[in-house]
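Participant: Take a look at structure.cif, mmCIF, C-alpha atoms:
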```cif
data_coords
#
loop_
_atom_site.label_atom_id
_atom_site.label_comp_id
_atom_site.auth_asym_id
_atom_site.auth_seq_id
_atom_site.Cartn_x
_atom_site.Cartn_y
_atom_site.Cartn_z
CA MET A 1 0.00 0.00 0.00
CA MET A 2 1.47 3.33 -1.07
CA ASN A 3 1.33 6.07 1.46
CA THR A 4 1.09 9.43 -0.32
CA ASN A 5 2.44 11.24 2.75
CA VAL A 6 5.90 9.66 2.56
CA PRO A 7 8.34 12.62 2.58
CA SER A 8 10.93 12.86 -0.20
CA THR A 9 14.62 12.49 0.55
CA TRP A 10 15.01 16.26 0.26
CA GLU A 11 12.17 16.86 2.70
CA GLU A 12 13.70 14.36 5.15
CA PHE A 13 17.03 16.16 4.88
CA THR A 14 15.78 19.72 5.27
CA GLU A 15 13.34 19.02 8.11
CA GLY A 16 15.98 19.44 10.78
CA LEU A 17 17.98 22.10 8.95
CA TRP A 18 15.38 24.82 9.26
CA GLU A 19 11.68 23.96 9.75
CA ARG A 20 12.33 21.91 12.89
CA ASN A 21 15.81 23.10 13.79
CA PRO A 22 16.85 21.15 16.93
CA ILE A 23 18.12 24.25 18.74
CA PHE A 24 15.89 27.14 17.70
CA VAL A 25 12.61 25.28 17.09
CA MET A 26 12.71 22.06 19.13
CA VAL A 27 15.11 23.50 21.77
CA LEU A 28 16.85 20.14 22.32
CA GLY A 29 20.38 19.37 23.47
CA MET A 30 20.86 22.56 25.49
CA CYS A 31 23.71 21.18 27.63
CA PRO A 32 26.37 21.21 24.86
CA THR A 33 24.68 24.27 23.33
CA MET A 34 25.49 26.38 26.37
CA ALA A 35 28.76 24.72 27.30
CA VAL A 36 30.88 24.51 24.15
CA THR A 37 29.69 27.50 22.11
CA VAL A 38 32.43 29.86 23.29
CA SER A 39 33.98 29.89 19.83
CA ALA A 40 32.87 29.15 16.29
CA ILE A 41 35.40 26.36 15.74
CA ASN A 42 34.38 24.53 18.94
CA SER A 43 30.74 24.85 17.90
CA ILE A 44 31.31 23.40 14.44
CA SER A 45 33.41 20.54 15.83
CA MET A 46 30.84 19.69 18.48
CA GLY A 47 28.05 19.93 15.90
CA LEU A 48 29.80 17.62 13.45
CA ALA A 49 30.63 15.12 16.21
CA THR A 50 26.96 15.08 17.20
CA THR A 51 25.93 14.79 13.53
CA PHE A 52 28.11 11.70 13.11
CA VAL A 53 26.75 10.07 16.29
CA LEU A 54 23.19 10.95 15.31
CA ALA A 55 23.44 9.67 11.73
CA ALA A 56 25.33 6.48 12.60
CA SER A 57 23.07 5.65 15.57
CA CYS A 58 19.88 6.27 13.59
CA TRP A 59 21.19 4.12 10.75
CA LEU A 60 21.96 1.18 13.08
CA VAL A 61 18.75 1.62 15.10
CA SER A 62 16.78 1.56 11.87
CA LEU A 63 18.70 -1.45 10.57
CA LEU A 64 18.01 -3.43 13.77
CA ARG A 65 14.47 -2.13 14.29
CA HIS A 66 12.79 -5.49 13.56
CA ALA A 67 15.25 -7.39 15.76
CA ILE A 68 14.74 -5.20 18.86
CA PRO A 69 11.59 -5.91 20.91
CA LYS A 70 10.00 -2.76 22.35
CA GLU A 71 10.64 -3.89 25.95
CA VAL A 72 14.40 -3.59 25.54
CA ARG A 73 14.55 -0.77 22.99
CA ILE A 74 15.81 2.04 25.24
CA ALA A 75 18.67 -0.09 26.57
CA SER A 76 19.56 -1.09 23.02
CA TYR A 77 19.42 2.46 21.66
CA ILE A 78 21.56 3.83 24.48
CA GLY A 79 24.08 1.03 23.85
CA ILE A 80 24.20 1.91 20.17
CA ILE A 81 24.52 5.65 20.87
CA ALA A 82 27.26 5.04 23.47
CA THR A 83 29.13 2.95 20.89
CA PHE A 84 29.24 5.72 18.31
CA VAL A 85 30.12 8.32 20.97
CA THR A 86 33.11 6.12 21.88
CA VAL A 87 34.10 5.89 18.21
CA THR A 88 33.86 9.71 17.94
CA ASP A 89 35.89 10.10 21.12
CA TYR A 90 38.76 8.00 19.68
CA ALA A 91 38.50 9.69 16.29
CA ILE A 92 38.80 13.19 17.76
CA GLN A 93 41.78 12.13 19.90
CA ALA A 94 43.41 10.78 16.75
CA LEU A 95 42.66 13.98 14.80
CA SER A 96 43.57 16.70 17.30
CA LEU A 97 44.34 16.55 21.01
CA SER A 98 43.87 20.31 21.43
CA LEU A 99 40.35 20.06 20.02
CA TYR A 100 39.74 17.07 22.29
CA GLU A 101 40.78 19.14 25.31
CA ALA A 102 38.69 22.13 24.22
CA LEU A 103 35.54 20.00 23.96
CA GLY A 104 36.39 18.14 27.17
CA ALA A 105 33.70 16.02 28.77
CA TYR A 106 31.07 17.25 26.31
CA ILE A 107 32.07 14.64 23.74
CA GLN A 108 31.22 11.84 26.17
CA LEU A 109 28.07 13.71 27.16
CA ILE A 110 26.71 13.33 23.61
CA VAL A 111 25.42 10.01 25.00
CA ALA A 112 23.00 12.01 27.11
CA ASN A 113 22.05 14.52 24.38
CA CYS A 114 18.27 14.19 24.21
CA LEU A 115 18.36 15.03 20.51
CA VAL A 116 20.09 11.73 19.69
CA LEU A 117 17.87 9.38 21.72
CA GLY A 118 14.85 11.48 20.75
CA ARG A 119 15.43 11.04 17.02
CA ALA A 120 16.28 7.33 17.39
CA GLU A 121 13.06 6.73 19.27
CA ALA A 122 10.74 9.11 17.39
CA HIS A 123 11.97 8.61 13.84
CA ALA A 124 14.69 6.04 13.14
CA ALA A 125 12.88 3.18 14.90
CA LYS A 126 9.91 3.60 12.56
CA VAL A 127 11.45 4.02 9.11
CA SER A 128 13.98 2.20 6.90
CA PRO A 129 17.73 2.96 7.14
CA TRP A 130 18.03 5.43 4.21
CA PRO A 131 15.40 7.99 5.29
CA ALA A 132 16.47 7.51 8.92
CA THR A 133 20.09 8.37 8.09
CA VAL A 134 19.18 11.26 5.79
CA ASN A 135 16.82 12.78 8.34
CA ALA A 136 19.38 12.35 11.14
CA THR A 137 22.12 13.97 9.03
CA GLY A 138 19.83 16.95 8.36
CA MET A 139 18.99 17.23 12.05
CA GLY A 140 22.68 17.04 12.94
CA LEU A 141 23.60 19.74 10.43
CA GLY A 142 20.74 21.88 11.74
CA PHE A 143 22.20 21.40 15.22
CA THR A 144 25.65 22.35 13.88
CA LEU A 145 24.20 25.47 12.22
CA GLY A 146 22.48 26.48 15.46
CA LEU A 147 25.62 25.92 17.55
CA THR A 148 27.75 27.90 15.10
CA MET A 149 25.28 30.81 15.05
CA ILE A 150 25.52 30.99 18.85
CA GLY A 151 29.26 30.28 18.99
CA GLY A 152 30.02 32.84 16.26
CA VAL A 153 28.24 35.67 18.09
CA ARG A 154 29.84 34.72 21.41
CA GLU A 155 33.32 34.56 19.89
CA ILE A 156 32.94 37.88 18.02
CA LEU A 157 31.65 39.78 21.07
CA GLY A 158 33.50 37.91 23.79
CA ASN A 159 36.89 37.62 22.14
CA GLY A 160 36.85 39.99 19.16
CA THR A 161 37.66 37.15 16.76
CA PHE A 162 35.81 34.89 14.32
CA PHE A 163 37.28 31.43 13.67
CA GLY A 164 40.39 32.75 15.42
CA LEU A 165 40.81 35.74 13.07
CA SER A 166 41.04 39.08 14.85
CA LEU A 167 38.25 41.40 13.72
CA PHE A 168 38.56 44.69 15.54
CA GLY A 169 42.27 45.20 16.19
CA GLU A 170 44.07 45.85 19.47
CA HIS A 171 41.73 48.44 20.95
CA PHE A 172 38.69 46.20 21.16
CA GLN A 173 37.63 45.53 24.76
CA PRO A 174 36.09 42.01 24.74
CA TRP A 175 32.71 41.50 26.43
CA VAL A 176 33.99 38.81 28.78
CA VAL A 177 30.45 37.92 29.89
CA MET A 178 29.79 36.52 26.42
CA VAL A 179 32.26 33.64 26.86
CA LEU A 180 30.99 32.95 30.39
CA PRO A 181 27.88 30.78 30.89
CA PRO A 182 25.42 33.74 31.16
CA GLY A 183 26.55 34.90 27.71
CA GLY A 184 25.32 31.61 26.27
CA PHE A 185 21.84 32.32 27.59
CA PHE A 186 21.90 35.93 26.33
CA VAL A 187 22.85 34.90 22.80
CA MET A 188 20.45 31.93 22.79
CA GLY A 189 17.65 34.27 23.95
CA GLY A 190 18.60 36.80 21.30
CA TRP A 191 18.42 34.23 18.50
CA LEU A 192 15.10 32.83 19.81
CA LEU A 193 13.75 36.40 19.73
CA VAL A 194 14.93 36.88 16.14
CA PHE A 195 13.27 33.61 15.11
CA ALA A 196 10.04 34.45 16.95
CA LEU A 197 9.86 37.90 15.29
CA TRP A 198 10.58 36.37 11.88
CA ARG A 199 7.82 33.74 12.34
CA ALA A 200 5.34 36.36 13.59
CA ARG A 201 6.08 38.54 10.57
CA LYS A 202 5.68 35.59 8.20
CA ALA A 203 2.31 34.73 9.81
CA ARG A 204 1.16 38.36 9.59
CA LEU A 205 2.11 38.60 5.92
CA ALA A 206 0.36 35.29 5.18
CA ALA A 207 -2.78 36.54 6.98
CA ALA A 208 -2.64 39.87 5.15
CA SER A 209 -2.31 38.26 1.72
CA ALA A 210 -5.18 35.85 2.53
CA GLU A 211 -7.30 38.85 3.50
CA GLY A 212 -6.30 40.66 0.32
CA VAL A 213 -7.46 37.70 -1.75
CA GLN A 214 -10.79 37.70 0.07
CA HIS A 215 -11.34 41.42 -0.51
CA GLY A 216 -10.30 41.14 -4.10
CA ALA A 217 -12.75 38.32 -4.75
CA MET B 1 -1.51 -11.69 38.11
CA ASN B 2 -2.53 -13.58 35.04
CA THR B 3 -3.95 -11.41 32.28
CA PRO B 4 -4.39 -13.34 29.03
CA ASN B 5 -4.24 -10.18 26.87
CA SER B 6 -0.83 -9.01 27.98
CA ALA B 7 0.47 -12.58 27.83
CA GLN B 8 -0.43 -12.70 24.14
CA GLN B 9 1.46 -9.50 23.30
CA ALA B 10 4.52 -10.02 25.49
CA THR B 11 7.83 -10.80 23.82
CA PRO B 12 9.34 -14.12 24.95
CA THR B 13 12.23 -13.78 27.39
CA GLY B 14 14.59 -15.54 25.00
CA ALA B 15 13.90 -13.01 22.22
CA MET B 16 14.69 -10.08 24.52
CA ILE B 17 17.96 -11.62 25.67
CA LYS B 18 18.82 -12.49 22.06
CA ALA B 19 18.17 -8.90 20.94
CA LEU B 20 20.30 -7.43 23.71
CA GLY B 21 23.04 -9.96 22.96
CA LEU B 22 22.96 -9.01 19.27
CA VAL B 23 23.17 -5.28 20.05
CA SER B 24 26.05 -5.85 22.49
CA ALA B 25 27.96 -7.98 19.98
CA VAL B 26 27.59 -5.43 17.18
CA CYS B 27 28.51 -2.53 19.49
CA GLY B 28 31.45 -4.44 20.94
CA LEU B 29 32.89 -5.11 17.50
CA ILE B 30 32.57 -1.46 16.47
CA ILE B 31 34.17 -0.15 19.69
CA VAL B 32 37.13 -2.54 19.69
CA GLY B 33 37.66 -2.01 15.95
CA SER B 34 37.80 1.77 16.27
CA TYR B 35 40.04 1.55 19.35
CA GLN B 36 42.56 -0.59 17.48
CA GLY B 37 42.27 1.59 14.38
CA THR B 38 43.04 4.86 16.17
CA LEU B 39 45.57 3.57 18.74
CA SER B 40 48.78 4.51 16.92
CA ALA B 41 47.50 7.92 15.79
CA VAL B 42 46.40 8.78 19.35
CA ALA B 43 49.79 7.72 20.77
CA ASP B 44 51.59 9.84 18.14
CA ASN B 45 49.41 12.84 18.95
CA LYS B 46 50.11 12.51 22.68
CA ARG B 47 53.85 12.35 22.05
CA ILE B 48 53.75 15.42 19.75
CA ALA B 49 51.67 17.35 22.30
CA LEU B 50 54.16 16.49 25.07
CA GLU B 51 57.16 17.49 22.95
CA ARG B 52 55.53 20.76 21.95
CA ALA B 53 54.80 21.59 25.61
CA VAL B 54 58.34 20.71 26.76
CA PHE B 55 60.03 22.58 23.88
CA LYS B 56 58.06 25.67 24.84
CA VAL B 57 59.59 25.81 28.34
CA ILE B 58 63.05 24.55 27.26
CA PRO B 59 63.76 26.39 23.99
CA HIS B 60 66.96 24.58 22.91
CA ALA B 61 65.46 21.11 23.34
CA LYS B 62 65.19 18.75 20.38
CA THR B 63 64.18 15.45 22.02
CA VAL B 64 62.44 14.43 25.24
CA SER B 65 62.90 11.39 27.51
CA GLU B 66 60.50 10.53 30.32
CA PHE B 67 61.71 9.53 33.80
CA TYR B 68 60.37 8.73 37.24
CA ALA B 69 61.95 10.16 40.38
CA LEU B 70 61.51 7.50 43.08
CA PRO B 71 61.64 7.63 46.87
CA GLY B 72 65.21 7.26 48.14
CA ALA B 73 66.55 9.73 45.56
CA ARG B 74 66.62 7.31 42.63
CA ILE B 75 65.54 7.91 39.04
CA GLU B 76 64.59 5.47 36.31
CA PRO B 77 63.24 5.74 32.74
CA VAL B 78 59.47 5.48 32.31
CA LYS B 79 58.38 2.01 31.24
CA ALA B 80 54.99 0.87 29.99
CA GLY B 81 52.45 0.02 32.69
CA ASP B 82 51.53 1.62 35.99
CA PRO B 83 54.02 4.01 37.62
CA PRO B 84 55.87 2.66 40.69
CA ALA B 85 54.50 3.73 44.09
CA GLY B 86 55.36 7.29 45.05
CA ALA B 87 56.95 8.09 41.67
CA VAL B 88 57.13 11.68 40.40
CA LYS B 89 57.26 11.94 36.62
CA PHE B 90 59.60 14.40 34.92
CA TYR B 91 60.96 15.02 31.45
CA ALA B 92 64.60 15.38 30.52
CA ALA B 93 65.06 17.43 27.35
CA TYR B 94 68.17 17.15 25.15
CA ASP B 95 69.60 19.42 22.48
CA GLU B 96 70.85 18.34 19.05
CA ASN B 97 74.19 17.12 20.55
CA ASN B 98 72.27 14.88 22.99
CA ALA B 99 73.41 17.07 25.89
CA LEU B 100 70.94 17.90 28.66
CA ALA B 101 69.07 21.11 27.79
CA GLY B 102 66.82 21.19 30.85
CA ILE B 103 64.29 19.37 32.98
CA ALA B 104 60.54 19.82 32.75
CA ALA B 105 57.87 18.68 35.20
CA GLU B 106 54.21 19.24 35.81
CA ALA B 107 52.79 21.25 38.68
CA ALA B 108 49.12 21.32 39.66
CA ALA B 109 47.05 23.12 42.27
CA LYS B 110 43.46 24.14 42.79
CA GLY B 111 42.71 27.46 41.13
CA TYR B 112 39.54 29.53 41.04
CA ALA B 113 37.44 27.20 38.91
CA ASP B 114 39.33 23.92 38.70
CA ILE B 115 42.82 22.44 38.93
CA VAL B 116 45.40 24.61 37.15
CA ARG B 117 48.11 22.41 35.61
CA VAL B 118 51.32 23.97 34.37
CA LEU B 119 54.53 22.54 32.97
CA PHE B 120 57.69 24.26 34.20
CA GLY B 121 61.24 24.16 32.86
CA TYR B 122 64.10 23.73 35.34
CA SER B 123 67.68 24.61 34.60
CA PRO B 124 70.28 22.64 36.65
CA GLU B 125 72.91 25.36 35.94
CA CYS B 126 71.13 28.20 37.75
CA GLN B 127 68.99 25.89 39.91
CA CYS B 128 66.04 27.94 38.85
CA ILE B 129 62.81 27.71 36.92
CA THR B 130 63.22 29.18 33.46
CA GLY B 131 59.71 29.12 31.99
CA ILE B 132 56.17 27.87 32.41
CA GLY B 133 53.42 26.77 30.04
CA VAL B 134 49.82 26.00 30.92
CA VAL B 135 48.79 22.37 30.41
CA SER B 136 45.13 22.79 31.30
CA MET B 137 42.90 25.16 33.23
CA ARG B 138 39.33 26.37 33.36
CA GLU B 139 39.98 29.79 34.87
CA THR B 140 37.78 32.79 34.10
CA PRO B 141 38.48 34.03 30.57
CA GLY B 142 39.94 37.54 30.63
CA ILE B 143 40.86 37.30 34.34
CA GLY B 144 42.44 34.04 35.50
CA ASP B 145 43.71 33.13 32.06
CA LYS B 146 46.03 36.15 32.15
CA ILE B 147 48.62 33.72 33.54
CA LEU B 148 49.09 32.70 29.90
CA ILE B 149 49.83 36.16 28.50
CA ASP B 150 50.55 38.70 31.27
CA LYS B 151 54.16 39.75 30.54
CA ASP B 152 54.91 40.92 34.09
CA PHE B 153 53.63 37.63 35.50
CA LEU B 154 55.58 35.49 33.03
CA ALA B 155 58.72 37.50 33.87
CA ASN B 156 58.56 35.84 37.33
CA PHE B 157 59.54 32.59 35.67
CA LYS B 158 62.58 33.76 33.76
CA GLU B 159 64.76 32.95 36.77
CA LEU B 160 62.67 31.76 39.70
CA ASP B 161 64.98 30.55 42.45
CA VAL B 162 64.41 26.92 43.55
CA LYS B 163 67.83 26.16 45.12
CA LEU B 164 67.94 23.25 47.55
CA ASN B 165 69.12 23.56 51.13
CA ALA B 166 72.56 22.28 52.25
CA ASP B 167 71.55 18.64 52.82
CA LEU B 168 69.45 18.53 49.61
CA SER B 169 66.28 17.54 51.49
CA ALA B 170 64.02 20.46 50.55
CA LEU B 171 64.00 23.87 48.87
CA ALA B 172 66.16 26.44 50.62
CA ASN B 173 63.29 28.92 50.27
CA GLU B 174 59.67 27.99 49.58
CA VAL B 175 58.31 29.34 46.32
CA LYS B 176 55.64 31.81 47.35
CA THR B 177 53.15 34.00 45.52
CA VAL B 178 53.06 37.50 46.97
CA LYS B 179 50.67 40.39 46.49
CA HIS B 180 51.06 42.32 43.25
CA GLY B 181 54.03 44.70 43.47
CA SER B 182 55.56 43.34 46.68
CA LYS B 183 58.09 40.87 45.24
CA THR B 184 61.50 41.34 46.86
CA GLN B 185 63.18 37.90 46.62
CA PRO B 186 64.05 35.71 43.62
CA TRP B 187 61.90 32.84 44.98
CA GLN B 188 58.77 34.98 45.15
CA ILE B 189 56.11 35.23 42.46
CA ASP B 190 54.48 38.61 41.90
CA ALA B 191 50.73 37.90 41.58
CA ILE B 192 48.58 39.41 38.83
CA ALA B 193 46.37 42.15 40.29
CA GLY B 194 42.79 40.85 40.17
CA ALA B 195 43.83 37.25 39.51
CA THR B 196 45.39 36.44 42.86
CA VAL B 197 43.71 33.04 43.28
CA THR B 198 45.02 31.74 39.97
CA SER B 199 48.47 33.26 40.57
CA ARG B 200 48.61 31.57 43.98
CA ALA B 201 47.62 28.25 42.44
CA VAL B 202 50.58 28.45 40.06
CA GLY B 203 52.95 29.27 42.94
CA ARG B 204 51.60 26.54 45.20
CA GLY B 205 51.69 23.96 42.39
CA ILE B 206 55.30 24.80 41.51
CA ASN B 207 56.36 24.75 45.17
CA ASP B 208 54.75 21.34 45.82
CA SER B 209 56.15 19.84 42.66
CA ALA B 210 59.67 21.25 43.20
CA GLN B 211 59.69 20.09 46.84
CA ALA B 212 58.76 16.57 45.74
CA LEU B 213 60.97 16.33 42.68
CA LEU B 214 64.18 18.31 43.16
CA PRO B 215 65.54 16.53 46.29
CA ARG B 216 65.33 13.26 44.32
CA LEU B 217 66.52 14.71 41.03
CA VAL B 218 69.51 16.88 41.92
CA PRO B 219 71.74 14.06 43.35
CA ASN B 220 71.19 12.16 40.09
CA LEU B 221 71.78 14.96 37.60
CA GLU B 222 75.09 13.48 36.38
CA GLN B 223 73.24 10.41 35.09
CA LEU B 224 71.08 12.65 32.95
CA ARG B 225 73.83 14.80 31.39
CA THR B 226 73.79 12.86 28.12
CA LYS B 227 70.88 11.22 26.46
CA PRO B 228 70.48 7.58 27.59
#
```
What is this structure when it is put down as structure tokens?
Facilitator:
Amino acid sequence: MMNTNVPSTWEEFTEGLWERNPIFVMVLGMCPTMAVTVSAINSISMGLATTFVLAASCWLVSLLRHAIPKEVRIASYIGIIATFVTVTDYAIQALSLSLYEALGAYIQLIVANCLVLGRAEAHAAKVSPWPATVNATGMGLGFTLGLTMIGGVREILGNGTFFGLSLFGEHFQPWVVMVLPPGGFFVMGGWLLVFALWRARKARLAAASAEGVQHGA
Amino acid sequence: MNTPNSAQQATPTGAMIKALGLVSAVCGLIIVGSYQGTLSAVADNKRIALERAVFKVIPHAKTVSEFYALPGARIEPVKAGDPPAGAVKFYAAYDENNALAGIAAEAAAKGYADIVRVLFGYSPECQCITGIGVVSMRETPGIGDKILIDKDFLANFKELDVKLNADLSALANEVKTVKHGSKTQPWQIDAIAGATVTSRAVGRGINDSAQALLPRLVPNLEQLRTKP
């Protein structure tokens, strides 16, 4: 039986990028979001590490979905997620020790990122491996985008640099609060406000054009 | 408790155990495979990171050897496996002629936010500390992390006196962090104004480490003069 509501690969991929962005729309995974976004490079690295864990876990969860009875699914998913977090942990140590130290315990804490278990449970366990992996990759990249938008602002204001490049010269007095934990909340709140205003404007325009059509008719 | 409906839907115990066994086996293979695959690259990275840190505090160094200083004023090269009881690790750095360029060791003490770990370079010639580099810290950005860049603070470690007393059992003068601007002796560290807690942590860490290491190291310096 064909289901006409099956989303296309493109729709699976873009769902998490924008429409249901994990950070700004679903507000998931706030622990790493606040903790590692002190610079753009840390944010991108953390985002890509999470993307890999998310995509690989969702692929394996989907592959084994008929073999895992529902009574033991959470234990199985957490085992699978912990496996790929361990793989990521080794891979980052092999790539760069300084990056590994900058991200610290937050790599291991990907195990407890609710985004990963949430997507495994809510999506990957119900669909076949290809859409599960594509959707998870999109969600992961959406997470990366969100982290980088927060990390970029915090690095620019809190350190006067972007990806390590100095922006304002010697006389810039950094806003130290931006690289401290409260700065994470300020920037997160600022972005949520921007998104809320943008959505409200979109809704108002849609309502206005609908009204215009009515009057014109 | 015997409800026929739930009995019909329940998964048999064997199937649950089989599923968990399958997941564990797959996960186990992936973990061990990636561990083996990355082992040599991780070891290389750790060695490069150590060399970079040591070369920063001992500028003329070209190679590094690791040693333990043991109770009873003995030293021995680091071997694989757990360190011997009571061992203090240090690094002997050699120049291109395989002559001793300096000694480096780690110092750690509680700072404002977390443990501040620094690596310091020790010169046997002047019996002084000749440089420090931060290994890890989580001090407040813009305040505590000035220990990395504050020129006046780093100048404390160009020639910080850590001479031993006459019977080589302890430092002749304890390394001590003093209030900003009140340094009068070569074994004192002038704190950064506004970052006293972090400055004190560096001083305390260096003092503890030097007290533990130098009485064991200095009697054995001749052994270390050329690269083993």
Participant: So how far away is atom CA of Pro22 of chain A from atom CA of Glu155 of chain A, in Å?
Facilitator: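 Separating atom CA of Glu155 of chain A from atom CA of Pro22 of chain A is a distance of 21.4 Å.
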Participant: Between atom CA of Leu147 of chain A and atom CA of Thr33 of chain A, what is the distance in Å, rounded to a tenth?
Facilitator: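 Answer for the atom CA of Leu147 of chain A to atom CA of Thr33 of chain A separation: 6.1 Å.
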Participant: May I have the residues of chain A within 8 Å of chain B, counting all atoms listed in the file, written as a list of chain:residue names?
Facilitator: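 Every residue of chain A that passes the 8 Å test is in A:Ala67, A:Ile68, A:Pro69, A:Glu71, A:Val72, A:Ser76, A:Gly79, A:Ile80, A:Thr83, A:Phe84, A:Thr86, A:Val87, A:Tyr90, A:Ala91, A:Gln93, A:Ala94, A:Leu95, A:Ser96, A:Leu97, A:Val176, A:Val179, A:Leu180.
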Participant: Once the PyMOL selection byres ((chain B and resi 56) around 10) is applied to the coordinates I shared, what remains selected? I want it as a PyMOL selection string.
Facilitator: chain B and resi 50-55+57-61+119-121+131-133
Participant: Quote the spacing between atom CA of Ile103 of chain B and atom CA of Asp152 of chain B in Å to one decimal place.
Facilitator: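 So the answer is 23.5 Å.
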Participant: Which residue, B:Val118, B:Leu164, B:Ile149, B:Leu171, has the smallest gap to Val202 of chain B when you use all atoms listed in the file?
Facilitator: B:Val118
Participant: I'd like the contact shell of segment 174-177 of chain B - 7 Å cut-off, only C-alpha atoms, skipping same-chain residues fewer than 3 positions apart - returned as a PyMOL selection string.
Facilitator: chain B and resi 171+187-191+199-200+203-204+207
Participant: Which residues, named as in the file, does the PyMOL selection byres ((chain A and resi 118-130) around 12) pick out? Answer as an NGL selection string.
Facilitator: :A and (6-10 or 12-13 or 15-16 or 22 or 26 or 28-29 or 51 or 53-70 or 73-81 or 111-117 or 131-140)
Participant: Generate the output file for the selected residues, C-alpha atoms, as a CSV table (one decimal), in the frame of the given file.
Facilitator:
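And here's selection-v9.csv as it stands now:
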```
chain,number,residue,atom,x,y,z
A,6,VAL,CA,5.9,9.7,2.6
A,7,PRO,CA,8.3,12.6,2.6
A,8,SER,CA,10.9,12.9,-0.2
A,9,THR,CA,14.6,12.5,0.6
A,10,TRP,CA,15.0,16.3,0.3
A,12,GLU,CA,13.7,14.4,5.2
A,13,PHE,CA,17.0,16.2,4.9
A,15,GLU,CA,13.3,19.0,8.1
A,16,GLY,CA,16.0,19.4,10.8
A,22,PRO,CA,16.8,21.2,16.9
A,26,MET,CA,12.7,22.1,19.1
A,28,LEU,CA,16.8,20.1,22.3
A,29,GLY,CA,20.4,19.4,23.5
A,51,THR,CA,25.9,14.8,13.5
A,53,VAL,CA,26.8,10.1,16.3
A,54,LEU,CA,23.2,11.0,15.3
A,55,ALA,CA,23.4,9.7,11.7
A,56,ALA,CA,25.3,6.5,12.6
A,57,SER,CA,23.1,5.6,15.6
A,58,CYS,CA,19.9,6.3,13.6
A,59,TRP,CA,21.2,4.1,10.8
A,60,LEU,CA,22.0,1.2,13.1
A,61,VAL,CA,18.8,1.6,15.1
A,62,SER,CA,16.8,1.6,11.9
A,63,LEU,CA,18.7,-1.4,10.6
A,64,LEU,CA,18.0,-3.4,13.8
A,65,ARG,CA,14.5,-2.1,14.3
A,66,HIS,CA,12.8,-5.5,13.6
A,67,ALA,CA,15.2,-7.4,15.8
A,68,ILE,CA,14.7,-5.2,18.9
A,69,PRO,CA,11.6,-5.9,20.9
A,70,LYS,CA,10.0,-2.8,22.4
A,73,ARG,CA,14.6,-0.8,23.0
A,74,ILE,CA,15.8,2.0,25.2
A,75,ALA,CA,18.7,-0.1,26.6
A,76,SER,CA,19.6,-1.1,23.0
A,77,TYR,CA,19.4,2.5,21.7
A,78,ILE,CA,21.6,3.8,24.5
A,79,GLY,CA,24.1,1.0,23.8
A,80,ILE,CA,24.2,1.9,20.2
A,81,ILE,CA,24.5,5.6,20.9
A,111,VAL,CA,25.4,10.0,25.0
A,112,ALA,CA,23.0,12.0,27.1
A,113,ASN,CA,22.0,14.5,24.4
A,114,CYS,CA,18.3,14.2,24.2
A,115,LEU,CA,18.4,15.0,20.5
A,116,VAL,CA,20.1,11.7,19.7
A,117,LEU,CA,17.9,9.4,21.7
A,131,PRO,CA,15.4,8.0,5.3
A,132,ALA,CA,16.5,7.5,8.9
A,133,THR,CA,20.1,8.4,8.1
A,134,VAL,CA,19.2,11.3,5.8
A,135,ASN,CA,16.8,12.8,8.3
A,136,ALA,CA,19.4,12.4,11.1
A,137,THR,CA,22.1,14.0,9.0
A,138,GLY,CA,19.8,17.0,8.4
A,139,MET,CA,19.0,17.2,12.0
A,140,GLY,CA,22.7,17.0,12.9
```
Participant: Quick one: of B:Val218, B:Ala195, B:Leu70, B:Ile115, who's nearest to Lys163 of chain B, counting all atoms listed in the file?
Facilitator: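 Under the stated criterion, the closest residue is B:Val218.
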Participant: Identify which of the residues B:Leu160, B:Ile147, B:Ile206, B:Ala93 lies closest to Gly194 of chain B, counting all atoms listed in the file when measuring atom-to-atom distances.
Facilitator: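 Ranked by minimum distance to Gly194 of chain B, first place goes to B:Ile147.
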Participant: Applying the PyMOL selection byres ((chain B and resi 95) around 10) to the file I just gave you, which residues come out? Please list them as a PDB file with C-alpha atoms, in the frame of the given file.
Facilitator:
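Heads up, here's the output in out-v7.pdb:
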```pdb
ATOM      1  CA  ILE B  58      63.050  24.550  27.260  1.00  0.00           C
ATOM      2  CA  PRO B  59      63.760  26.390  23.990  1.00  0.00           C
ATOM      3  CA  HIS B  60      66.960  24.580  22.910  1.00  0.00           C
ATOM      4  CA  ALA B  61      65.460  21.110  23.340  1.00  0.00           C
ATOM      5  CA  LYS B  62      65.190  18.750  20.380  1.00  0.00           C
ATOM      6  CA  THR B  63      64.180  15.450  22.020  1.00  0.00           C
ATOM      7  CA  VAL B  64      62.440  14.430  25.240  1.00  0.00           C
ATOM      8  CA  ALA B  93      65.060  17.430  27.350  1.00  0.00           C
ATOM      9  CA  TYR B  94      68.170  17.150  25.150  1.00  0.00           C
ATOM     10  CA  GLU B  96      70.850  18.340  19.050  1.00  0.00           C
ATOM     11  CA  ASN B  97      74.190  17.120  20.550  1.00  0.00           C
ATOM     12  CA  ASN B  98      72.270  14.880  22.990  1.00  0.00           C
ATOM     13  CA  ALA B  99      73.410  17.070  25.890  1.00  0.00           C
ATOM     14  CA  LEU B 100      70.940  17.900  28.660  1.00  0.00           C
ATOM     15  CA  ALA B 101      69.070  21.110  27.790  1.00  0.00           C
ATOM     16  CA  GLY B 102      66.820  21.190  30.850  1.00  0.00           C
ATOM     17  CA  THR B 226      73.790  12.860  28.120  1.00  0.00           C
ATOM     18  CA  LYS B 227      70.880  11.220  26.460  1.00  0.00           C
TER      19      LYS B 227
END
```
